[in-house]
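Enquirer: Dropping in target_26.txt, which is compact mmCIF, C-alpha atoms:
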```txt
# COMPACT_ATOMS: atom_id res chain seq x y z
CA MET A 24 -4.97 -17.80 -7.17
CA GLU A 25 -7.47 -18.83 -4.53
CA PHE A 26 -7.80 -16.20 -1.76
CA ASN A 27 -6.62 -18.32 1.20
CA GLU A 28 -3.62 -19.44 -0.83
CA LEU A 29 -2.88 -15.83 -1.77
CA ILE A 30 -2.92 -14.54 1.80
CA GLN A 31 -0.75 -17.41 3.00
CA ASP A 32 1.72 -16.99 0.10
CA ARG A 33 2.11 -13.19 0.24
CA PHE A 34 5.14 -11.81 2.06
CA SER A 35 7.03 -8.53 2.34
CA CYS A 36 9.53 -8.66 -0.50
CA ARG A 37 12.55 -6.40 -0.05
CA ALA A 38 14.54 -7.26 -3.19
CA LEU A 39 12.89 -6.18 -6.42
CA SER A 40 13.88 -5.79 -10.02
CA ASP A 41 13.07 -2.61 -11.91
CA ARG A 42 12.01 -4.71 -14.92
CA GLU A 43 9.07 -3.13 -16.71
CA ILE A 44 5.67 -4.06 -15.33
CA PRO A 45 2.93 -4.72 -17.89
CA ARG A 46 0.47 -1.82 -17.97
CA GLU A 47 -2.42 -4.32 -17.83
CA ALA A 48 -1.13 -5.67 -14.50
CA LEU A 49 -0.80 -2.19 -13.05
CA ASN A 50 -4.29 -1.35 -14.27
CA ARG A 51 -5.72 -4.42 -12.50
CA ILE A 52 -3.94 -3.41 -9.28
CA LEU A 53 -5.40 0.09 -9.49
CA GLU A 54 -8.84 -1.34 -10.25
CA ALA A 55 -8.62 -3.45 -7.09
CA ALA A 56 -7.93 -0.24 -5.18
CA ARG A 57 -10.83 1.53 -6.85
CA VAL A 58 -13.35 -1.11 -5.74
CA ALA A 59 -12.03 -1.41 -2.17
CA PRO A 60 -14.69 -0.72 0.46
CA THR A 61 -14.63 2.59 2.31
CA ALA A 62 -16.87 3.97 5.05
CA VAL A 63 -20.18 5.12 3.52
CA ASN A 64 -18.40 4.65 0.15
CA LYS A 65 -16.88 8.13 0.52
CA GLN A 66 -13.63 7.00 -1.16
CA PRO A 67 -11.49 9.64 0.59
CA PHE A 68 -8.22 8.37 -0.86
CA LYS A 69 -5.80 9.01 -3.67
CA ILE A 70 -3.11 6.87 -5.22
CA TRP A 71 -0.09 8.27 -6.97
CA ALA A 72 1.83 6.03 -9.38
CA VAL A 73 5.44 7.20 -9.26
CA GLU A 74 7.01 5.99 -12.49
CA SER A 75 9.23 8.59 -14.15
CA PRO A 76 12.96 8.56 -13.33
CA GLU A 77 12.68 12.12 -11.96
CA ALA A 78 9.75 11.29 -9.69
CA ARG A 79 11.43 8.07 -8.50
CA ALA A 80 14.58 10.03 -7.62
CA LYS A 81 12.53 12.46 -5.52
CA LEU A 82 10.72 9.59 -3.79
CA ALA A 83 14.08 7.96 -3.02
CA GLU A 84 15.05 11.13 -1.12
CA THR A 85 12.16 10.49 1.29
CA THR A 86 12.96 6.86 2.17
CA ASN A 87 15.79 4.35 2.08
CA TYR A 88 13.27 1.57 1.44
CA THR A 89 12.90 1.48 -2.35
CA PHE A 90 14.26 -2.08 -2.71
CA GLY A 91 15.23 -1.64 -6.38
CA ALA A 92 11.68 -1.17 -7.70
CA GLY A 93 10.89 0.77 -10.85
CA VAL A 94 7.32 1.73 -9.89
CA PHE A 95 5.94 3.01 -6.59
CA LEU A 96 2.35 3.43 -5.49
CA VAL A 97 1.77 6.03 -2.78
CA VAL A 98 -1.53 5.93 -0.89
CA GLY A 99 -3.05 8.79 1.06
CA GLY A 100 -6.33 9.56 2.79
CA LYS A 101 -8.07 12.94 2.84
CA TYR A 102 -9.72 13.78 6.17
CA GLU A 103 -12.03 16.42 4.73
CA ASP A 104 -13.62 13.85 2.40
CA ALA A 105 -14.03 10.99 4.89
CA TRP A 106 -16.96 9.74 6.90
CA VAL A 107 -16.91 10.74 10.58
CA ARG A 108 -18.53 8.57 13.25
CA GLN A 109 -21.06 10.75 15.07
CA TYR A 110 -20.67 9.16 18.51
CA ASP A 111 -17.04 10.08 19.06
CA GLY A 112 -15.95 12.15 16.04
CA ARG A 113 -13.67 9.37 14.75
CA ASN A 114 -12.57 10.21 11.18
CA PHE A 115 -12.18 7.15 8.94
CA ALA A 116 -9.80 8.57 6.28
CA ASP A 117 -6.82 6.58 7.57
CA VAL A 118 -8.90 3.41 7.95
CA ASP A 119 -10.24 3.74 4.40
CA ALA A 120 -6.79 4.44 2.96
CA SER A 121 -5.45 1.41 4.84
CA ILE A 122 -8.17 -0.81 3.40
CA VAL A 123 -7.31 0.44 -0.09
CA ALA A 124 -3.61 -0.13 0.60
CA THR A 125 -4.32 -3.70 1.70
CA TYR A 126 -6.24 -4.37 -1.51
CA ILE A 127 -3.26 -2.96 -3.44
CA MET A 128 -0.83 -5.17 -1.54
CA LEU A 129 -2.85 -8.31 -2.25
CA ALA A 130 -3.50 -7.38 -5.89
CA ILE A 131 0.24 -6.88 -6.46
CA HIS A 132 0.91 -10.39 -5.22
CA ASN A 133 -1.97 -11.80 -7.26
CA GLU A 134 -0.33 -10.36 -10.39
CA GLY A 135 2.88 -12.31 -9.72
CA LEU A 136 4.62 -9.12 -8.64
CA ARG A 137 6.02 -8.40 -5.21
CA SER A 138 6.13 -5.49 -2.79
CA THR A 139 6.12 -4.49 0.83
CA TRP A 140 4.18 -1.87 2.76
CA VAL A 141 6.64 0.96 3.43
CA GLY A 142 5.58 3.23 6.25
CA HIS A 143 9.05 4.56 7.02
CA PHE A 144 9.27 7.71 4.89
CA ASP A 145 9.48 11.46 5.34
CA ALA A 146 5.89 12.50 4.59
CA PRO A 147 6.52 16.28 4.87
CA LYS A 148 9.37 16.01 2.37
CA MET A 149 7.21 13.84 0.09
CA LYS A 150 4.54 16.56 0.13
CA GLU A 151 7.19 19.19 -0.60
CA PHE A 152 8.42 17.23 -3.63
CA PHE A 153 4.89 16.34 -4.77
CA PRO A 154 2.56 19.28 -3.91
CA GLN A 155 -0.45 17.32 -5.21
CA MET A 156 -0.11 15.14 -2.08
CA ALA A 157 -0.23 18.10 0.34
CA ASP A 158 -3.85 17.68 1.45
CA TYR A 159 -3.52 13.95 2.19
CA ASP A 160 -2.38 11.86 5.13
CA LEU A 161 0.21 9.66 3.40
CA ILE A 162 0.03 6.18 4.86
CA ALA A 163 2.00 3.87 2.57
CA ILE A 164 4.45 3.50 -0.27
CA PHE A 165 4.42 0.27 -2.25
CA PRO A 166 7.57 -0.40 -4.25
CA VAL A 167 6.33 -2.70 -7.04
CA GLY A 168 8.39 -5.14 -9.08
CA TYR A 169 9.40 -8.70 -9.75
CA ALA A 170 11.25 -10.43 -6.92
CA THR A 171 14.96 -10.96 -7.43
CA GLU A 172 16.65 -14.15 -6.20
CA LYS A 173 17.17 -12.37 -2.87
CA GLY A 174 13.47 -11.55 -2.62
CA VAL A 175 12.47 -14.13 -0.04
CA PRO A 176 10.40 -13.94 3.13
CA SER A 177 12.08 -12.63 6.26
CA PRO A 178 12.66 -15.18 9.03
CA ARG A 179 10.10 -13.15 11.03
CA HIS A 180 7.41 -13.79 8.40
CA ALA A 181 6.33 -17.13 9.87
CA GLN A 182 6.30 -15.88 13.47
CA ARG A 183 2.61 -15.52 14.19
CA LYS A 184 0.64 -15.56 17.40
CA ASN A 185 -1.93 -18.30 17.65
CA VAL A 186 -5.61 -17.47 17.21
CA ALA A 187 -6.33 -17.83 20.93
CA GLU A 188 -3.93 -14.94 21.66
CA LEU A 189 -5.59 -12.70 19.07
CA VAL A 190 -9.28 -13.48 19.40
CA GLU A 191 -11.53 -13.24 22.42
CA ILE A 192 -14.95 -14.80 22.18
CA LEU A 193 -17.51 -12.80 24.14
```
What do you get writing this file as C-alpha cells?
Expert:
Amino acid sequence: MEFNELIQDRFSCRALSDREIPREALNRILEAARVAPTAVNKQPFKIWAVESPEARAKLAETTNYTFGAGVFLVVGGKYEDAWVRQYDGRNFADVDASIVATYIMLAIHNEGLRSTWVGHFDAPKMKEFFPQMADYDLIAIFPVGYATEKGVPSPRHAQRKNVAELVEIL
C-alpha cells in the first residue's frame, strides 16, 4: 500500500478477532519496529509480544481495552539507555518508544491487520505481572488482530483540524 493511502486508511479498530496471525506478518511488524529511528540510534526500547493464554489473561487484568485480540504488543522505553539532550536534560526514551510504537501501528495496518494504541492500562500492575518490564516506561499496548464486522472507524475519526490551525509558518 502506498504510504499516503496507508495513513489515510488507518483507523483505531476496537473490534478484533482472535484468529491466528501469520508468524510472517508478525515478524514484518517487529522488523518495522526494529528499524524505526531513535535519537542517536540508541534504541532504548523493548517490545513484548503477549501471546500465550496465561500472559493474555494477566494483561487483561491491567486494562479493559483488549478488544477481542489474540496477540498484544507492549512497548516500553528505558530511560537509562536513552539519549539526553545536553541543553536541558531532556531524556528521549519516551519519544523513541513512541516513534517505534507509531511504526508498529502503521505496520499492523499495512499487513491487513487492525489495532489501536491503548494507553489506558495499569502500568504498575503490568510490571508486577511481567517483571521483565519493570525497568521500562510502558507507553502503549497494541491489541493485534483482524477486524470483525464491528471494527469500523469511530465517528470521531474524521474530525480533524485544518492545517492552518496546526501549522504556523515562521
Enquirer: Report, in Å with one decimal, the straight-line distance from CA of Gly100 in chain A to CA of Val63 in chain A.
Expert: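 Going from CA of Gly100 in chain A over to CA of Val63 in chain A covers 14.6 Å.
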Enquirer: Take the point (-9.3, 2.1, -6.6) as written in the file and pick out every residue within 10 Å of it, counting all atoms listed in the file; give the list as a PyMOL selection string.
Expert: chain A and resi 50-60+66+68-70+123-124+126-127
Enquirer: Per residue of range 51-156 of chain A within 10 Å of range 162-176 of chain A, which atom pair is closest and at what distance in Å (one decimal), using all atoms listed in the file, listed by chain and increasing number, as CSV?
Expert:
```
residue,atom,partner,partner_atom,distance
A:Ile70,CA,A:Ile164,CA,9.6
A:Trp71,CA,A:Ile164,CA,9.4
A:Ala72,CA,A:Phe165,CA,9.5
A:Val73,CA,A:Pro166,CA,9.3
A:Leu82,CA,A:Ile164,CA,9.4
A:Thr86,CA,A:Ile164,CA,9.5
A:Tyr88,CA,A:Pro166,CA,8.3
A:Thr89,CA,A:Pro166,CA,6.0
A:Phe90,CA,A:Pro166,CA,7.1
A:Gly91,CA,A:Pro166,CA,8.0
A:Ala92,CA,A:Gly168,CA,5.3
A:Gly93,CA,A:Gly168,CA,6.7
A:Val94,CA,A:Val167,CA,5.4
A:Phe95,CA,A:Pro166,CA,4.4
A:Leu96,CA,A:Phe165,CA,5.0
A:Val97,CA,A:Ile164,CA,4.5
A:Val98,CA,A:Ala163,CA,5.4
A:Gly99,CA,A:Ile162,CA,5.5
A:Gly100,CA,A:Ile162,CA,7.5
A:Asp117,CA,A:Ile162,CA,7.4
A:Val118,CA,A:Ile162,CA,9.8
A:Ala120,CA,A:Ile162,CA,7.3
A:Ser121,CA,A:Ile162,CA,7.3
A:Ala124,CA,A:Ala163,CA,7.2
A:Thr125,CA,A:Ala163,CA,9.9
A:Ile127,CA,A:Phe165,CA,8.4
A:Met128,CA,A:Phe165,CA,7.6
A:Ile131,CA,A:Val167,CA,7.4
A:His132,CA,A:Val167,CA,9.6
A:Glu134,CA,A:Tyr169,CA,9.9
A:Gly135,CA,A:Tyr169,CA,7.5
A:Leu136,CA,A:Tyr169,CA,4.9
A:Arg137,CA,A:Gly168,CA,5.6
A:Ser138,CA,A:Val167,CA,5.1
A:Thr139,CA,A:Phe165,CA,5.9
A:Trp140,CA,A:Phe165,CA,5.5
A:Val141,CA,A:Ile164,CA,5.0
A:Gly142,CA,A:Ala163,CA,5.2
A:His143,CA,A:Ala163,CA,8.4
A:Phe144,CA,A:Ile164,CA,8.2
A:Ala146,CA,A:Ile162,CA,8.6
```
Enquirer: At what distance in Å, to one decimal, does CA of Cys36 in chain A lie from CA of Gln182 in chain A?
Expert: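 Here the two named atoms are 16.1 Å from each other.
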Enquirer: Pick the closest to Asp160 in chain A from A:Tyr102, A:Leu129, A:Val190, A:Ala181: which is it, counting all atoms listed in the file?
Expert: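 Among the listed residues, the smallest separation from Asp160 in chain A belongs to A:Tyr102.
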Enquirer: Tell me, in Å to one decimal, how far CA of Pro76 in chain A is from CA of Met149 in chain A.
Expert: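 Separation of CA of Pro76 in chain A and CA of Met149 in chain A: 15.5 Å.
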Enquirer: With 5 Å added on each side, what axis-aligned box encloses every listed atom of range 104-113 of chain A? Give the centre and edge lengths in Å to one decimal, as AutoDock Vina command-line options.
Expert:
```
--center_x -17.3 --center_y 11.2 --center_z 10.7 --size_x 17.4 --size_y 15.3 --size_z 26.7
```
Enquirer: Fewer than 5 positions away in the same chain doesn't count, so skip those; otherwise give me all residues within 9 Å of Ala78 in chain A, counting only C-alpha atoms, as a list in words.
Expert: Val73, Ala83, Phe152 and Phe153 of chain A
Enquirer: Identify which of the residues A:Lys148, A:Glu191, A:Asp119, A:Glu74 lies closest to Leu49 in chain A, counting all atoms listed in the file when measuring atom-to-atom distances.
Expert: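 Between A:Lys148, A:Glu191, A:Asp119, A:Glu74, the residue approaching Leu49 in chain A most closely is A:Glu74.
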Enquirer: Restricting the calculation to all atoms listed in the file: of A:Asn133, A:Gln155, A:Thr61, A:Ser40, which residue gets closest to Ala116 in chain A?
Expert: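 When distances to Ala116 in chain A are compared using all atoms listed in the file, the smallest one comes from A:Thr61.
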